[in-house]
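Student: Handing you this structure, nothing more for now.
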Amino acid sequence: MSKTIVITGAGVGLGRTLARRFAKDGDKVILLGRTLSKVAAAAAEIGELATAYECDVSVPDSVRRAFEQIEKTFGTIDVLINNAGIFEPFELVKATDEQILRGINTNVCGTMFCSRSAIPLMKNGAHIINISSESIEHPMPHFTIYQSSKAAVECFTQKLALEVEPLGIRVTAVRCGQMYEEGKQWDIPMEAAIAFHEACQKRGINPRERPISQFTSMENIFRSLIDLPPDVHVGFISAHARRDH
């Protein structure tokens with residue numbers, strides 16, 4: 001049976017990849033993104049099963065407006081994938097207020113805001129999937145805020161699962177590793193990139209030697225999650241890249 005799936009941060013990367021896959025499978029996909037032109041372009045490329053709405057997940061009113069539009073058009077939703085995130089390297093002591101707030105508000109509060117708005121539109125059997133990161137357990141420098149925010153997302157996932165279990169809604173955290181997509185670049189200032197690589201060298205880490213997977217390699221994990229039998233719940237999955245031997 002076709003599902004109605006909402007994906008945040010769906011203009012690029014994993015979000016867009018999953019939207020393509022689900023639409024190919026016959027599901028209706030709703031792409032949310034801070035930049036409407038990006039999600040609109042992705043939806044146009046995907047086709048008639050895709051709809052795009054502007055939504056800055058870090059802003060409560062923006063989230064409310066997006067989900068009000070979703071309710072008017074679709075009524076209910078079956079799956080919410082909280083994928084939007086800020087991945088920006090900096091040292092805490094040198095961070096601006098904006099950098100700290102942007103990371104926490106997008107990665108943590110955004111996940112909470114969207115979940116809050118989605119739950120009233122969900123019925124028994126619905127599913128919320130929150131994206132986490134393997135960096136939580138990796139000594140990568142300059143990602144204190146990002147790593148802490150993703151750890152908070154995992155804790156939130158556990159507690160929300162208990163809260164909505166009586167409603168028949170499942171909540172899962174998917175901890176992802178490094179992923180790559182042709183044409184996608186890490187868009188950060190050169191100064192920050194240089195500082196990050198220098199800090200990695202001091203810790204004996206070579207980011208270029210770490211294995212990296214394709215966004216498309218993750219598709220089946222998410223497909224399996226949202227198609228789980230009604231008597232099964234998976235609260236946590238960790239999937240990371242491996243070297244292709």
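Every chain in the structure tokens takes a letter, A first, then B, and so on in the order presented; its residues are numbered from 1, and the ligands are numbered from 1 following the presented order.
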Report as a tab-separated table the residues of region 87-164 of chain A within 12 Å of region 25-41 of chain A, each with its shortest atom pair and distance in Å (one decimal), using only C-alpha atoms, ordered by chain and increasing residue number.
Tutor:
```
residue	atom	partner	partner_atom	distance
A:Thr106	CA	A:Arg34	CA	10.6
A:Gly110	CA	A:Arg34	CA	11.5
A:Cys114	CA	A:Leu32	CA	10.4
```
Student: Can you tell me, as a VMD selection string, which residues in region 178-209 of chain A count as alpha helix (DSSP H) by DSSP?
Tutor: chain A and resid 190 to 202
Student: Can those selected residues be exported to a file as a compact mmCIF listing (two decimals), in the first residue's frame so that it contains C-alpha atoms?
Tutor:
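Contents of part26.txt, freshly written:
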```txt
# COMPACT_ATOMS: atom_id res chain seq x y z
CA MET A 190 38.36 27.56 3.32
CA GLU A 191 39.70 28.80 6.67
CA ALA A 192 37.46 26.36 8.55
CA ALA A 193 38.45 23.50 6.24
CA ILE A 194 42.16 24.16 6.78
CA ALA A 195 41.75 24.38 10.56
CA PHE A 196 39.76 21.14 10.57
CA HIS A 197 42.38 19.20 8.61
CA GLU A 198 45.19 20.57 10.79
CA ALA A 199 43.32 19.48 13.93
CA CYS A 200 42.78 16.03 12.40
CA GLN A 201 46.53 15.68 11.78
CA LYS A 202 47.26 16.54 15.42
```
Student: Mind giving me the straight-line distance from CA of Ala161 (chain A) to CA of Gln214 (chain A) in Å, one decimal?
Tutor: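 Straight-line distance from CA of Ala161 (chain A) to CA of Gln214 (chain A) works out to 28.9 Å.
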Student: Set the distance at 12 Å and use only C-alpha atoms: which residues neighbour Leu80 (chain A) once local chain neighbours fewer than 2 positions away are removed? I'd like the list as number ranges by chain.
Tutor: A: 3-10, 15, 18-19, 29-32, 67, 70, 76-78, 82-84, 111-119, 121-122, 126-131, 169-173, 222, 225-226
Student: Rank nothing, just name the residue among A:Glu209, A:Glu45, A:Glu88, A:Asp231 nearest to His142 (chain A), using only C-alpha atoms.
Tutor: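 Nearest to His142 (chain A): A:Glu88.
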Student: My list of candidates is A:Ile188, A:Leu49, A:Leu162, A:Ile145. Which is closest to Leu92 (chain A) when distances are computed with only C-alpha atoms?
Tutor: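 That would be A:Ile145, the residue with the smallest distance to Leu92 (chain A).
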Student: Mind the document's chain letters and residue numbers, and return as a VMD selection string the residues of region 96-163 of chain A that DSSP labels strand (DSSP E).
Tutor: chain A and resid 127 to 133
Student: Between A:Gly103, A:Gly13, A:Pro211, A:Gly75, which one has atoms that come closest to Thr144 (chain A), using only C-alpha atoms?
Tutor: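 The answer is A:Gly103, which sits nearest to Thr144 (chain A).
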Student: Neighbours of Ile86 (chain A) within 12 Å (only C-alpha atoms; same-chain residues fewer than 6 positions away dropped), as number ranges by chain?
Tutor: A: 9, 34, 56-58, 99-111, 131-133, 143, 145-147, 149-150, 186-188
